[in-house]
Each structure stands twice: as C-alpha cells, then as structure tokens.
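Novice: For reference, the file model-v1.csv (CSV, C-alpha atoms) is included below:
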chain,number,residue,atom,x,y,z
V,1,MET,CA,5.6,-8.5,-5.2
V,2,SER,CA,2.4,-6.8,-6.4
V,3,THR,CA,2.0,-6.1,-10.1
V,4,LEU,CA,-0.5,-3.7,-11.8
V,5,CYS,CA,-3.7,-5.1,-13.3
V,6,SER,CA,-7.2,-3.8,-14.1
V,7,PRO,CA,-9.2,-2.7,-11.1
V,8,SER,CA,-11.3,-5.5,-9.5
V,9,ALA,CA,-15.0,-4.8,-9.9
V,10,SER,CA,-15.7,-7.2,-7.0
V,11,LEU,CA,-13.3,-5.5,-4.6
V,12,LEU,CA,-14.6,-2.1,-5.6
V,13,ARG,CA,-18.2,-3.1,-4.8
V,14,ARG,CA,-17.1,-4.3,-1.4
V,15,LEU,CA,-15.1,-1.1,-0.8
V,16,ASP,CA,-18.2,0.9,-1.7
V,17,ARG,CA,-20.1,-1.0,0.9
V,18,LEU,CA,-17.4,-0.3,3.4
V,19,GLY,CA,-17.3,3.3,2.5
V,20,ARG,CA,-21.0,3.6,3.4
V,21,LEU,CA,-20.0,2.6,7.0
V,22,MET,CA,-17.5,5.4,7.3
V,23,ARG,CA,-19.9,8.0,8.7
V,24,PRO,CA,-18.8,11.4,10.2
V,25,THR,CA,-17.7,11.1,13.8
V,26,PRO,CA,-19.1,13.6,16.3
V,27,LEU,CA,-17.5,16.6,17.9
V,28,VAL,CA,-18.1,17.1,21.7
V,29,GLU,CA,-17.2,20.2,23.7
V,30,LEU,CA,-15.3,19.7,27.0
V,31,THR,CA,-15.6,21.9,30.0
V,32,PHE,CA,-12.2,23.7,30.1
V,33,PRO,CA,-11.4,27.1,31.7
V,34,GLY,CA,-10.8,29.9,29.3
V,35,VAL,CA,-10.7,27.9,26.1
V,36,ARG,CA,-13.4,26.2,24.1
V,37,VAL,CA,-12.0,22.7,23.7
V,38,PHE,CA,-13.5,20.2,21.3
V,39,SER,CA,-12.7,16.5,20.8
V,40,LYS,CA,-13.6,14.6,17.7
V,41,LEU,CA,-14.5,11.0,18.7
V,42,GLU,CA,-12.6,8.9,16.2
V,43,TYR,CA,-13.1,5.8,18.3
V,44,LEU,CA,-16.6,5.7,16.8
V,45,ASN,CA,-15.3,4.6,13.5
V,46,PRO,CA,-16.4,1.1,12.5
V,47,VAL,CA,-13.4,-0.9,13.9
V,48,GLY,CA,-12.8,1.7,16.6
V,49,SER,CA,-10.1,4.2,15.7
V,50,VAL,CA,-8.9,7.0,13.5
V,51,LYS,CA,-6.8,4.4,11.6
V,52,ASP,CA,-10.0,3.0,10.0
V,53,ARG,CA,-9.9,6.0,7.7
V,54,THR,CA,-6.2,5.4,6.8
V,55,ALA,CA,-6.8,1.7,6.1
V,56,TYR,CA,-9.9,2.2,4.0
V,57,TRP,CA,-8.5,4.9,1.8
V,58,ILE,CA,-5.1,3.2,1.2
V,59,LEU,CA,-6.9,0.0,0.2
V,60,ARG,CA,-9.4,1.8,-1.9
V,61,ARG,CA,-6.8,3.8,-3.9
V,62,ALA,CA,-4.6,0.7,-4.3
V,63,VAL,CA,-7.6,-1.3,-5.7
V,64,GLU,CA,-8.5,1.6,-8.0
V,65,ARG,CA,-5.0,1.6,-9.4
V,66,GLY,CA,-4.9,-2.1,-9.9
V,67,GLU,CA,-2.2,-2.6,-7.3
V,68,VAL,CA,-4.4,-4.8,-5.1
V,69,ASP,CA,-6.6,-7.6,-6.5
V,70,GLU,CA,-8.0,-10.9,-5.2
V,71,ARG,CA,-4.6,-12.5,-5.2
V,72,THR,CA,-3.0,-9.9,-3.0
V,73,THR,CA,-1.5,-10.4,0.4
V,74,ILE,CA,-1.4,-7.2,2.4
V,75,VAL,CA,1.7,-6.8,4.6
V,76,GLU,CA,2.2,-4.0,7.2
V,77,SER,CA,4.3,-3.1,10.3
V,78,SER,CA,1.8,-2.1,13.0
V,79,SER,CA,1.3,-3.1,16.6
V,80,GLY,CA,-1.9,-1.1,17.0
V,81,ASN,CA,-4.9,0.4,15.4
V,82,PHE,CA,-3.8,0.4,11.8
V,83,ALA,CA,-3.2,-3.4,12.0
V,84,THR,CA,-6.6,-4.0,13.5
V,85,ALA,CA,-8.3,-1.9,10.9
V,86,LEU,CA,-6.4,-3.6,8.0
V,87,ALA,CA,-7.2,-7.0,9.5
V,88,ALA,CA,-11.0,-6.3,9.6
V,89,TYR,CA,-11.1,-4.7,6.1
V,90,ALA,CA,-8.9,-7.5,4.6
V,91,GLN,CA,-11.5,-10.0,5.9
V,92,LEU,CA,-14.3,-8.0,4.3
V,93,LEU,CA,-12.5,-7.8,1.0
V,94,GLY,CA,-11.5,-11.5,1.1
V,95,LEU,CA,-7.8,-10.7,1.2
V,96,ARG,CA,-4.9,-12.2,3.2
V,97,PHE,CA,-3.2,-9.9,5.7
V,98,ILE,CA,0.1,-10.5,7.5
V,99,PRO,CA,0.7,-8.0,10.4
V,100,VAL,CA,4.2,-7.6,11.8
V,101,ILE,CA,4.0,-6.8,15.5
V,102,ASP,CA,6.3,-6.4,18.5
V,103,PRO,CA,6.3,-7.0,22.3
V,104,ASN,CA,4.8,-3.5,23.0
V,105,ILE,CA,1.5,-4.5,21.4
V,106,LEU,CA,-1.5,-4.2,23.7
V,107,PRO,CA,-2.8,-7.7,24.6
V,108,ALA,CA,-6.3,-6.9,23.3
V,109,ASN,CA,-4.9,-5.9,19.9
V,110,GLU,CA,-2.7,-9.0,19.6
V,111,ALA,CA,-5.7,-11.2,20.5
V,112,PHE,CA,-7.7,-9.5,17.8
V,113,LEU,CA,-5.0,-10.0,15.2
V,114,ARG,CA,-4.4,-13.6,16.0
V,115,ARG,CA,-8.2,-14.3,15.6
V,116,ALA,CA,-8.5,-12.3,12.4
V,117,CYS,CA,-5.2,-13.3,10.6
V,118,ALA,CA,-3.9,-16.7,9.6
V,119,THR,CA,-0.3,-15.5,10.0
V,120,VAL,CA,1.0,-13.0,12.5
V,121,VAL,CA,4.7,-12.2,12.7
V,122,LYS,CA,6.0,-11.0,16.0
V,123,VAL,CA,9.6,-9.6,16.2
V,124,ASP,CA,11.5,-9.7,19.5
V,125,GLU,CA,14.8,-8.0,18.6
V,126,PRO,CA,15.0,-4.3,19.6
V,127,ASP,CA,16.6,-1.9,17.2
V,128,GLU,CA,19.3,0.6,18.1
V,129,SER,CA,16.8,3.0,19.6
V,130,GLY,CA,15.5,0.4,22.0
V,131,GLY,CA,12.2,0.1,20.2
V,132,TYR,CA,11.2,-2.3,17.5
V,133,LEU,CA,10.1,-0.2,14.5
V,134,LYS,CA,13.2,-0.6,12.4
V,135,THR,CA,13.2,-4.4,13.1
V,136,ARG,CA,9.5,-4.6,12.0
V,137,LEU,CA,10.2,-2.7,8.8
V,138,ARG,CA,13.1,-5.0,7.9
V,139,GLU,CA,10.8,-8.0,8.5
V,140,VAL,CA,8.1,-6.4,6.3
V,141,GLN,CA,10.6,-6.0,3.5
V,142,ALA,CA,11.7,-9.7,3.8
V,143,LEU,CA,8.1,-10.8,3.8
V,144,CYS,CA,7.3,-8.8,0.7
V,145,ALA,CA,10.3,-10.3,-1.1
V,146,ARG,CA,9.3,-13.9,-0.5
V,147,THR,CA,5.5,-13.5,-0.8
V,148,ASP,CA,3.8,-13.6,-4.2
V,149,HIS,CA,1.5,-10.7,-4.9
V,150,ALA,CA,2.5,-8.9,-1.7
V,151,TYR,CA,1.4,-5.3,-1.2
V,152,TRP,CA,2.9,-3.2,1.6
V,153,THR,CA,0.5,-0.4,2.7
V,154,ASN,CA,3.5,1.5,4.1
V,155,GLN,CA,1.7,3.8,6.5
V,156,TYR,CA,4.8,5.9,7.2
V,157,ALA,CA,5.3,7.0,3.5
V,158,ASN,CA,2.1,6.3,1.6
V,159,ILE,CA,0.6,9.6,0.4
V,160,ASP,CA,-2.9,8.0,0.4
V,161,GLY,CA,-2.7,7.7,4.1
V,162,MET,CA,-2.2,11.5,4.4
V,163,ASP,CA,-5.0,12.0,1.8
V,164,ALA,CA,-7.4,10.0,3.9
V,165,HIS,CA,-7.3,12.6,6.6
V,166,TYR,CA,-7.3,15.5,4.2
V,167,ARG,CA,-10.4,14.3,2.4
V,168,LEU,CA,-12.2,12.6,5.3
V,169,THR,CA,-11.2,13.6,8.9
V,170,ALA,CA,-10.3,17.2,8.3
V,171,ALA,CA,-13.1,17.8,5.9
V,172,GLU,CA,-15.6,16.8,8.6
V,173,VAL,CA,-14.0,19.3,11.0
V,174,CYS,CA,-14.2,22.0,8.5
V,175,ALA,CA,-17.9,21.3,8.0
V,176,ASP,CA,-18.7,21.2,11.7
V,177,MET,CA,-16.6,24.1,13.1
V,178,PRO,CA,-17.1,27.8,12.1
V,179,ARG,CA,-13.9,28.7,13.9
V,180,LEU,CA,-10.7,26.9,14.9
V,181,ASP,CA,-7.7,28.5,16.5
V,182,TYR,CA,-5.6,25.5,17.6
V,183,ALA,CA,-5.5,21.9,16.5
V,184,PHE,CA,-3.5,19.4,18.6
V,185,ILE,CA,-2.6,16.4,16.5
V,186,GLY,CA,-0.6,13.4,17.6
V,187,VAL,CA,2.3,12.1,15.5
V,188,SER,CA,3.3,8.5,14.7
V,189,SER,CA,3.1,7.7,11.0
V,190,ALA,CA,2.4,11.4,10.5
V,191,GLY,CA,-0.4,10.7,8.0
V,192,THR,CA,-3.1,12.2,10.2
V,193,LEU,CA,-1.0,15.3,11.0
V,194,ALA,CA,0.0,15.9,7.4
V,195,GLY,CA,-3.4,15.5,5.9
V,196,MET,CA,-5.3,17.4,8.6
V,197,SER,CA,-2.9,20.2,8.9
V,198,ARG,CA,-3.0,21.0,5.2
V,199,ARG,CA,-6.8,20.9,5.0
V,200,LEU,CA,-7.3,22.9,8.2
V,201,LYS,CA,-4.8,25.6,7.1
V,202,GLU,CA,-6.8,26.0,3.9
V,203,ALA,CA,-10.1,26.4,5.8
V,204,PHE,CA,-8.8,28.4,8.8
V,205,PRO,CA,-5.7,30.4,7.7
V,206,GLY,CA,-4.9,31.5,11.2
V,207,VAL,CA,-5.1,28.1,12.9
V,208,ARG,CA,-2.0,27.0,14.8
V,209,ILE,CA,-1.2,23.3,14.3
V,210,ILE,CA,0.4,21.8,17.4
V,211,ALA,CA,2.1,18.5,16.7
V,212,VAL,CA,2.0,16.2,19.8
V,213,ASP,CA,4.7,13.6,20.4
V,214,ALA,CA,5.7,11.3,23.1
V,215,ALA,CA,8.9,11.6,25.2
V,216,GLY,CA,11.4,9.2,23.8
V,217,SER,CA,10.3,9.5,20.2
V,218,ALA,CA,12.8,10.3,17.5
V,219,ILE,CA,10.4,12.2,15.3
V,220,PHE,CA,11.4,15.7,16.3
V,221,GLY,CA,15.1,15.1,17.0
V,222,CYS,CA,14.9,13.9,20.6
V,223,THR,CA,17.2,11.0,21.6
V,224,PRO,CA,15.1,7.9,21.1
V,225,ARG,CA,14.5,5.5,24.0
V,226,ARG,CA,12.1,2.8,24.8
V,227,ARG,CA,8.5,3.9,25.0
V,228,HIS,CA,5.7,1.8,26.6
V,229,ILE,CA,2.5,3.3,25.3
V,230,PRO,CA,1.7,2.5,21.6
V,231,GLY,CA,0.0,4.8,19.2
V,232,LEU,CA,2.2,7.8,19.4
V,233,GLY,CA,5.8,8.5,18.5
V,234,ALA,CA,8.3,6.5,16.4
V,235,GLY,CA,11.9,5.4,16.3
V,236,ILE,CA,12.2,7.1,12.8
V,237,VAL,CA,11.3,10.4,11.2
V,238,PRO,CA,8.3,9.3,9.0
V,239,PRO,CA,8.6,10.5,5.4
V,240,LEU,CA,5.0,11.9,5.6
V,241,LEU,CA,6.2,14.4,8.2
V,242,GLU,CA,7.6,16.6,5.4
V,243,HIS,CA,4.1,17.3,4.1
V,244,ALA,CA,2.8,18.5,7.5
V,245,ARG,CA,2.3,22.2,8.2
V,246,ILE,CA,3.3,22.6,11.9
V,247,ASP,CA,3.5,25.7,14.0
V,248,ASP,CA,4.6,24.2,17.3
V,249,VAL,CA,5.6,20.9,18.9
V,250,VAL,CA,4.7,19.6,22.4
V,251,ILE,CA,6.5,16.6,23.9
V,252,VAL,CA,4.5,14.7,26.6
V,253,PRO,CA,6.0,12.3,29.1
V,254,GLU,CA,4.2,9.0,29.4
V,255,ARG,CA,3.2,9.6,33.0
V,256,GLU,CA,1.4,12.7,31.9
V,257,THR,CA,-0.3,10.6,29.2
V,258,ALA,CA,-1.6,8.2,31.9
V,259,ARG,CA,-2.8,11.1,34.1
V,260,ALA,CA,-4.6,12.8,31.2
V,261,CYS,CA,-6.3,9.6,30.1
V,262,ARG,CA,-7.8,9.2,33.6
V,263,GLU,CA,-8.8,12.8,33.7
V,264,LEU,CA,-10.6,12.5,30.3
V,265,LEU,CA,-12.6,9.6,31.7
V,266,TRP,CA,-13.4,10.7,35.3
V,267,GLU,CA,-13.9,14.4,34.6
V,268,HIS,CA,-15.2,14.4,31.0
V,269,GLY,CA,-16.7,11.0,30.5
V,270,LEU,CA,-14.4,10.1,27.5
V,271,PHE,CA,-13.0,6.6,27.8
V,272,ALA,CA,-10.1,7.1,25.4
V,273,GLY,CA,-6.7,5.6,24.7
V,274,GLY,CA,-3.1,6.7,25.1
V,275,SER,CA,-2.7,9.1,22.2
V,276,SER,CA,-5.9,10.8,23.1
V,277,GLY,CA,-4.6,11.4,26.6
V,278,THR,CA,-1.3,12.7,25.2
V,279,SER,CA,-3.1,15.3,23.1
V,280,TYR,CA,-5.2,16.4,26.0
V,281,ALA,CA,-2.1,16.8,28.2
V,282,ALA,CA,-0.6,18.9,25.4
V,283,ILE,CA,-3.7,21.1,25.5
V,284,GLN,CA,-3.3,21.6,29.2
V,285,GLN,CA,0.3,22.5,28.8
V,286,HIS,CA,-0.5,25.0,26.1
V,287,ALA,CA,-3.5,26.5,27.8
V,288,PRO,CA,-1.9,29.7,29.1
V,289,ALA,CA,-0.9,30.7,25.6
V,290,MET,CA,-4.3,29.9,24.2
V,291,ARG,CA,-6.1,32.0,26.8
V,292,GLU,CA,-4.5,35.1,25.4
V,293,THR,CA,-6.8,34.7,22.4
V,294,PRO,CA,-10.3,35.8,23.3
V,295,GLY,CA,-12.8,33.0,22.7
V,296,ALA,CA,-10.1,30.6,21.5
V,297,THR,CA,-11.2,27.3,20.2
V,298,ALA,CA,-9.0,24.1,20.2
V,299,LEU,CA,-9.5,20.7,18.8
V,300,PHE,CA,-8.0,17.3,19.5
V,301,LEU,CA,-8.8,13.7,18.4
V,302,CYS,CA,-9.9,10.9,20.6
V,303,ASN,CA,-8.2,8.4,18.4
V,304,ASP,CA,-9.3,5.1,20.0
V,305,ARG,CA,-11.1,3.8,23.1
V,306,GLY,CA,-9.5,3.1,26.4
V,307,THR,CA,-10.6,-0.5,26.6
V,308,ALA,CA,-7.3,-1.9,25.3
V,309,TYR,CA,-5.4,0.2,27.8
V,310,LEU,CA,-7.0,-1.0,31.0
V,311,ASP,CA,-3.9,-3.0,31.9
V,312,THR,CA,-1.5,-0.1,31.1
V,313,VAL,CA,-2.4,3.6,31.5
V,314,PHE,CA,-5.5,2.8,33.6
V,315,ASP,CA,-3.5,0.5,36.0
V,316,ASP,CA,-1.9,2.2,39.0
V,317,GLU,CA,0.9,-0.4,39.4
V,318,TRP,CA,1.8,-0.3,35.7
V,319,VAL,CA,2.0,3.5,35.8
V,320,THR,CA,4.3,3.6,38.8
V,321,ARG,CA,6.9,1.7,36.7
V,322,LEU,CA,7.0,4.4,34.0
V,323,GLU,CA,10.1,6.6,33.9
Using the file provided, produce a representation of the structure as structure tokens.
Specialist:
Amino acid sequence: MSTLCSPSASLLRRLDRLGRLMRPTPLVELTFPGVRVFSKLEYLNPVGSVKDRTAYWILRRAVERGEVDERTTIVESSSGNFATALAAYAQLLGLRFIPVIDPNILPANEAFLRRACATVVKVDEPDESGGYLKTRLREVQALCARTDHAYWTNQYANIDGMDAHYRLTAAEVCADMPRLDYAFIGVSSAGTLAGMSRRLKEAFPGVRIIAVDAAGSAIFGCTPRRRHIPGLGAGIVPPLLEHARIDDVVIVPERETARACRELLWEHGLFAGGSSGTSYAAIQQHAPAMRETPGATALFLCNDRGTAYLDTVFDDEWVTRLE
C-alpha cells in the first residue's frame, strides 16, 4: 500500500507540463427549437474525454500530498475513459498503472490499455446486479493488498475527482456563459455531477441541475440490470453523489441513447459517444418544461468522441439487440 513521503519534485514538474496541455474546451450552440442549447466539447481534452480532468487532478493532488511517488503503482477499476486517461498520464509520469476492466469495455479502449499498460486485469464474473462493477472493485482491493506502493485513485469516492470539475470544467462554463438555466450532467462515478453542480449553483443561483442516468443503473434507486453502453450509470450508489446538488433526474433507455448519438452526428455534426447522446436525449425529453422559461439556456457535455462506439451505438444490428 502507498505511504506518505515528501512530494516528488520530478513528478510535479511533469504534472506542470501536463497541466499546460489542459486548455479550456469550447462551447458550441446547437440548433434547437425554443431553447438555446449549448454543448461543451470535452472530447477535445488531450486524451479525448472529460475524464482527462479527473485523472490529472487526482494524480496532481496525490503527488502534492506525497501519496504518489516514483515507486507507486496506480490501480483503478474502469472500463472506459478514466482508465485511458490514467494510462496515458501514468506513462507521462513514468508510473505503472494496472486497470481492472470487464467484458463491457469498448474494443478500442481495451486495445489502447493493452498497448499502454504492462498489466491489464479483466474480470469475467458478473455481480448480483448483472454488471461487473462490484467484481472489479473487489479485484482492485485484492491488487492493492498484494502490490507494494499501490495507490487506488478510487474515482467513485475521491473528493479530488469532484474538485477537478468544480475548479476546471465548471469554472470554464462560468467564464463563458453569462446565463444558464439548465445543466444536464450524466452520472457514473458522480464526480463530474458533484463538482459541476456545486460550482454552477454558486455562479447561477437559479440554474436547475438535471442528473442524467441510464436505464438499468442503480444510482437513483432503480432495479439494477445489465447495461450495454459504458460511460454512464453504475451498479452502486457512488459516495460522491451525496455532494451533488440535484433538482431533477432523467432516466434514458439505451435505445434512446443510440438514437440521440446519431442525431447529434447527422443533424448537428457532433461525433460524440454514448453518455453525450444520453444527455442530449434527456434535453429532448425535458424540452417542453424548458420552453416555459423565455430565452432558456441549457448545457450538456460531449464527454468523449464517437469513434470507440462505431461497433455499438452507431451499428444498426447492435442497436436492434438492445432491450
């Protein structure tokens, strides 16, 4: 397990260099009847997703506290963007990273991790919800117990993950938008939702925060069942959720996610992944209520690109097999 030591000057220099790559991502306005809808293009982060911010900030704070040094092995449960961001940044820092993944991982993400990491652990035993999250978390704990100088980034409970989106993502929105009435934010680890909701409520006291979840997720009390599109939802209630300031929740079926991803591409020119489509579908579902506010403005995140989803949400045959 990791023990505290003095902050590594070498790692801090590398993190400073990485921080200079984390530039503000743009806002674009979509054509949408009766509401001004804006998307923040988080897929333009260096490795390609909103989780770049989470990975960078968690690693930075851990190094500053002396919890991570040159001996550290990073361990995390993730079959998606957080793992790919950690893999890239661990390489830049000269650290070892062991991702714990499951069969739902997108092939492109698995290929990336196997090229970037010397060790990848893939679980294949579903938990009681039909998903794999609890199985992955048990494997993470076992890895940490038997790995010297292990550090678990723990995206579901690490306050630094929430702080990343308070200080970085939401701060950029506040600087770019003079008005915001609705923010639609997807939930998985709940770090993005918790951090952004708190900062946006400070800047725009009247903003309504709409948490967006996938059908079959356990986060908001639904009966958990197997889900097929990674990046949104969870088989547990993430501890970071208690820090979020939520006004409403929209649950989106996976077929609607696939439809909305295609609409974002073919009607708006945004080639975005599953969670982006889910949030856009939630905006469409909530549109009648928003139109009651004259000049209403709404925001959602395009969390990652659609490239990794070509064989899933953009594939007609795959979509027909969804429940």
Novice: What does the distance between atom CA of Ala214 of chain V and atom CA of Leu232 of chain V come to in Å, to one decimal place?
Specialist: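 Spanning atom CA of Ala214 of chain V to atom CA of Leu232 of chain V is a straight-line distance of 6.2 Å.
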Novice: Tell me which residues come within 12 Å of (10.1, 0.5, 34.7), as a ChimeraX atom specification, counting all atoms listed in the file in the file's coordinates.
Specialist: /V:226-228,254-255,317-323
Novice: Save the residues we just selected, C-alpha atoms, as a tab-separated table (two decimals), in the coordinates of the input?
Specialist:
chain	number	residue	atom	x	y	z
V	226	ARG	CA	12.10	2.80	24.80
V	227	ARG	CA	8.50	3.90	25.00
V	228	HIS	CA	5.70	1.80	26.60
V	254	GLU	CA	4.20	9.00	29.40
V	255	ARG	CA	3.20	9.60	33.00
V	317	GLU	CA	0.90	-0.40	39.40
V	318	TRP	CA	1.80	-0.30	35.70
V	319	VAL	CA	2.00	3.50	35.80
V	320	THR	CA	4.30	3.60	38.80
V	321	ARG	CA	6.90	1.70	36.70
V	322	LEU	CA	7.00	4.40	34.00
V	323	GLU	CA	10.10	6.60	33.90
Novice: So, with all atoms listed in the file as the atoms that count, which of V:Ala215, V:Leu106, V:Ile283, V:Ala111 lies closest to Ile185 of chain V?
Specialist: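 So, comparing all the options, the nearest one is V:Ile283.
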Novice: Counting only C-alpha atoms, give me one row per residue of segment 9-109 of chain V with an atom at most 12 Å from an atom of segment 131-148 of chain V, showing the shortest contact pair and its distance in Å to one decimal, sorted by chain then residue number, as a tab-separated table.
Specialist:
residue	atom	partner	partner_atom	distance
V:Arg71	CA	V:Asp148	CA	8.5
V:Thr72	CA	V:Asp148	CA	7.8
V:Thr73	CA	V:Asp148	CA	7.7
V:Ile74	CA	V:Cys144	CA	9.0
V:Val75	CA	V:Val140	CA	6.6
V:Glu76	CA	V:Val140	CA	6.4
V:Ser77	CA	V:Arg136	CA	5.7
V:Ser78	CA	V:Arg136	CA	8.2
V:Ser79	CA	V:Leu133	CA	9.5
V:Arg96	CA	V:Thr147	CA	11.2
V:Phe97	CA	V:Thr147	CA	11.4
V:Ile98	CA	V:Leu143	CA	8.8
V:Pro99	CA	V:Val140	CA	8.6
V:Val100	CA	V:Arg136	CA	6.1
V:Ile101	CA	V:Arg136	CA	6.9
V:Asp102	CA	V:Tyr132	CA	6.5
V:Pro103	CA	V:Tyr132	CA	8.3
V:Asn104	CA	V:Tyr132	CA	8.5
V:Ile105	CA	V:Tyr132	CA	10.7
Novice: Suppose we keep C-alpha atoms; can you now write the selection as an mmCIF file, in the coordinates of the input?
Specialist:
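part.cif written:
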data_model
loop_
_atom_site.group_PDB
_atom_site.id
_atom_site.type_symbol
_atom_site.label_atom_id
_atom_site.label_comp_id
_atom_site.auth_asym_id
_atom_site.auth_seq_id
_atom_site.Cartn_x
_atom_site.Cartn_y
_atom_site.Cartn_z
ATOM 1 C CA ARG V 71 -4.600 -12.500 -5.200
ATOM 2 C CA THR V 72 -3.000 -9.900 -3.000
ATOM 3 C CA THR V 73 -1.500 -10.400 0.400
ATOM 4 C CA ILE V 74 -1.400 -7.200 2.400
ATOM 5 C CA VAL V 75 1.700 -6.800 4.600
ATOM 6 C CA GLU V 76 2.200 -4.000 7.200
ATOM 7 C CA SER V 77 4.300 -3.100 10.300
ATOM 8 C CA SER V 78 1.800 -2.100 13.000
ATOM 9 C CA SER V 79 1.300 -3.100 16.600
ATOM 10 C CA ARG V 96 -4.900 -12.200 3.200
ATOM 11 C CA PHE V 97 -3.200 -9.900 5.700
ATOM 12 C CA ILE V 98 0.100 -10.500 7.500
ATOM 13 C CA PRO V 99 0.700 -8.000 10.400
ATOM 14 C CA VAL V 100 4.200 -7.600 11.800
ATOM 15 C CA ILE V 101 4.000 -6.800 15.500
ATOM 16 C CA ASP V 102 6.300 -6.400 18.500
ATOM 17 C CA PRO V 103 6.300 -7.000 22.300
ATOM 18 C CA ASN V 104 4.800 -3.500 23.000
ATOM 19 C CA ILE V 105 1.500 -4.500 21.400
#
Novice: Just give me the gap between atom CA of Ala308 of chain V and atom CA of Ala258 of chain V in Å, one decimal is fine.
Specialist: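 Value for the atom CA of Ala308 of chain V-atom CA of Ala258 of chain V distance: 13.3 Å.
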Novice: Which residues, written as a PyMOL selection string, have at least one atom at most 9 Å from Tyr156 of chain V, with all atoms listed in the file counted and residues fewer than 4 positions away on the same chain left out?
Specialist: chain V and resi 161+188-191+237-241
Novice: Could you list, as a list in words, every residue within 10 Å of Leu59 of chain V, counting all atoms listed in the file and ignoring same-chain residues fewer than 5 positions away?
Specialist: Leu11, Leu12, Leu15, Thr54, Glu64, Arg65, Glu67, Val68, Ile74, Leu86, Tyr89, Ala90, Leu93, Tyr151, Thr153, Asp160 and Gly161 of chain V
Novice: Could you state the separation of atom CA of Met22 of chain V and atom CA of Leu180 of chain V in Å, given to one decimal place?
Specialist: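 Computed distance, atom CA of Met22 of chain V to atom CA of Leu180 of chain V, equals 23.8 Å.
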Novice: Mind checking which residues fall within 6 Å of Gly130 of chain V, counting all atoms listed in the file, ignoring those fewer than 3 positions away in the same chain, and posting them as a list of chain:residue names?
Specialist: V:Pro126, V:Asp127, V:Arg225, V:Arg226
Novice: Skip Ala85 of chain V itself and residues of its chain fewer than 4 positions away, then list as a PyMOL selection string all residues within 7 Å of it, counting only C-alpha atoms.
Specialist: chain V and resi 47+51-52+55+81+89
Novice: Of the candidates V:Arg61, V:His286, V:Arg259, V:Arg23, which shows the shortest atom-to-atom distance to Leu44 of chain V, using all atoms listed in the file?
Specialist: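 Nearest candidate to Leu44 of chain V out of V:Arg61, V:His286, V:Arg259, V:Arg23: V:Arg23.
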Novice: Starting from the incomplete input, reconstruct all heavy atoms of segment 258-264 of chain V and write that as a short mmCIF file (atom, residue, chain, number, x, y, z; two decimals), in the frame of the given file.
Specialist:
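Full text of part12.cif as output:
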data_model
loop_
_atom_site.label_atom_id
_atom_site.label_comp_id
_atom_site.auth_asym_id
_atom_site.auth_seq_id
_atom_site.Cartn_x
_atom_site.Cartn_y
_atom_site.Cartn_z
N ALA V 258 -0.78 9.04 31.00
CA ALA V 258 -1.60 8.20 31.90
C ALA V 258 -2.54 9.10 32.72
O ALA V 258 -3.75 8.83 32.87
CB ALA V 258 -0.78 7.33 32.74
N ARG V 259 -1.98 10.17 33.28
CA ARG V 259 -2.80 11.10 34.10
C ARG V 259 -3.92 11.68 33.27
O ARG V 259 -5.09 11.75 33.71
CB ARG V 259 -1.91 12.19 34.67
CG ARG V 259 -2.68 13.20 35.52
CD ARG V 259 -1.95 14.52 35.64
NE ARG V 259 -1.65 15.13 34.36
CZ ARG V 259 -2.56 15.75 33.61
NH1 ARG V 259 -3.82 15.85 34.01
NH2 ARG V 259 -2.22 16.28 32.45
N ALA V 260 -3.60 12.12 32.05
CA ALA V 260 -4.60 12.80 31.20
C ALA V 260 -5.68 11.82 30.75
O ALA V 260 -6.85 12.20 30.63
CB ALA V 260 -3.92 13.46 30.04
N CYS V 261 -5.31 10.58 30.48
CA CYS V 261 -6.30 9.60 30.10
C CYS V 261 -7.35 9.41 31.22
O CYS V 261 -8.57 9.33 30.96
CB CYS V 261 -5.67 8.23 29.81
SG CYS V 261 -4.84 8.12 28.21
N ARG V 262 -6.88 9.34 32.43
CA ARG V 262 -7.80 9.20 33.60
C ARG V 262 -8.66 10.44 33.74
O ARG V 262 -9.85 10.33 34.05
CB ARG V 262 -6.98 8.93 34.84
CG ARG V 262 -6.26 7.58 34.80
CD ARG V 262 -5.08 7.58 35.76
NE ARG V 262 -4.36 6.31 35.69
CZ ARG V 262 -4.28 5.44 36.69
NH1 ARG V 262 -4.87 5.70 37.85
NH2 ARG V 262 -3.62 4.32 36.56
N GLU V 263 -8.07 11.61 33.54
CA GLU V 263 -8.80 12.80 33.70
C GLU V 263 -9.93 12.91 32.59
O GLU V 263 -11.07 13.35 32.87
CB GLU V 263 -7.92 14.05 33.57
CG GLU V 263 -8.64 15.36 33.84
CD GLU V 263 -7.68 16.54 33.97
OE1 GLU V 263 -6.57 16.35 34.55
OE2 GLU V 263 -8.03 17.63 33.50
N LEU V 264 -9.60 12.50 31.38
CA LEU V 264 -10.60 12.50 30.30
C LEU V 264 -11.80 11.60 30.72
O LEU V 264 -12.96 11.94 30.46
CB LEU V 264 -10.01 11.98 29.01
CG LEU V 264 -9.21 12.96 28.19
CD1 LEU V 264 -8.58 12.27 26.98
CD2 LEU V 264 -10.08 14.13 27.71
#
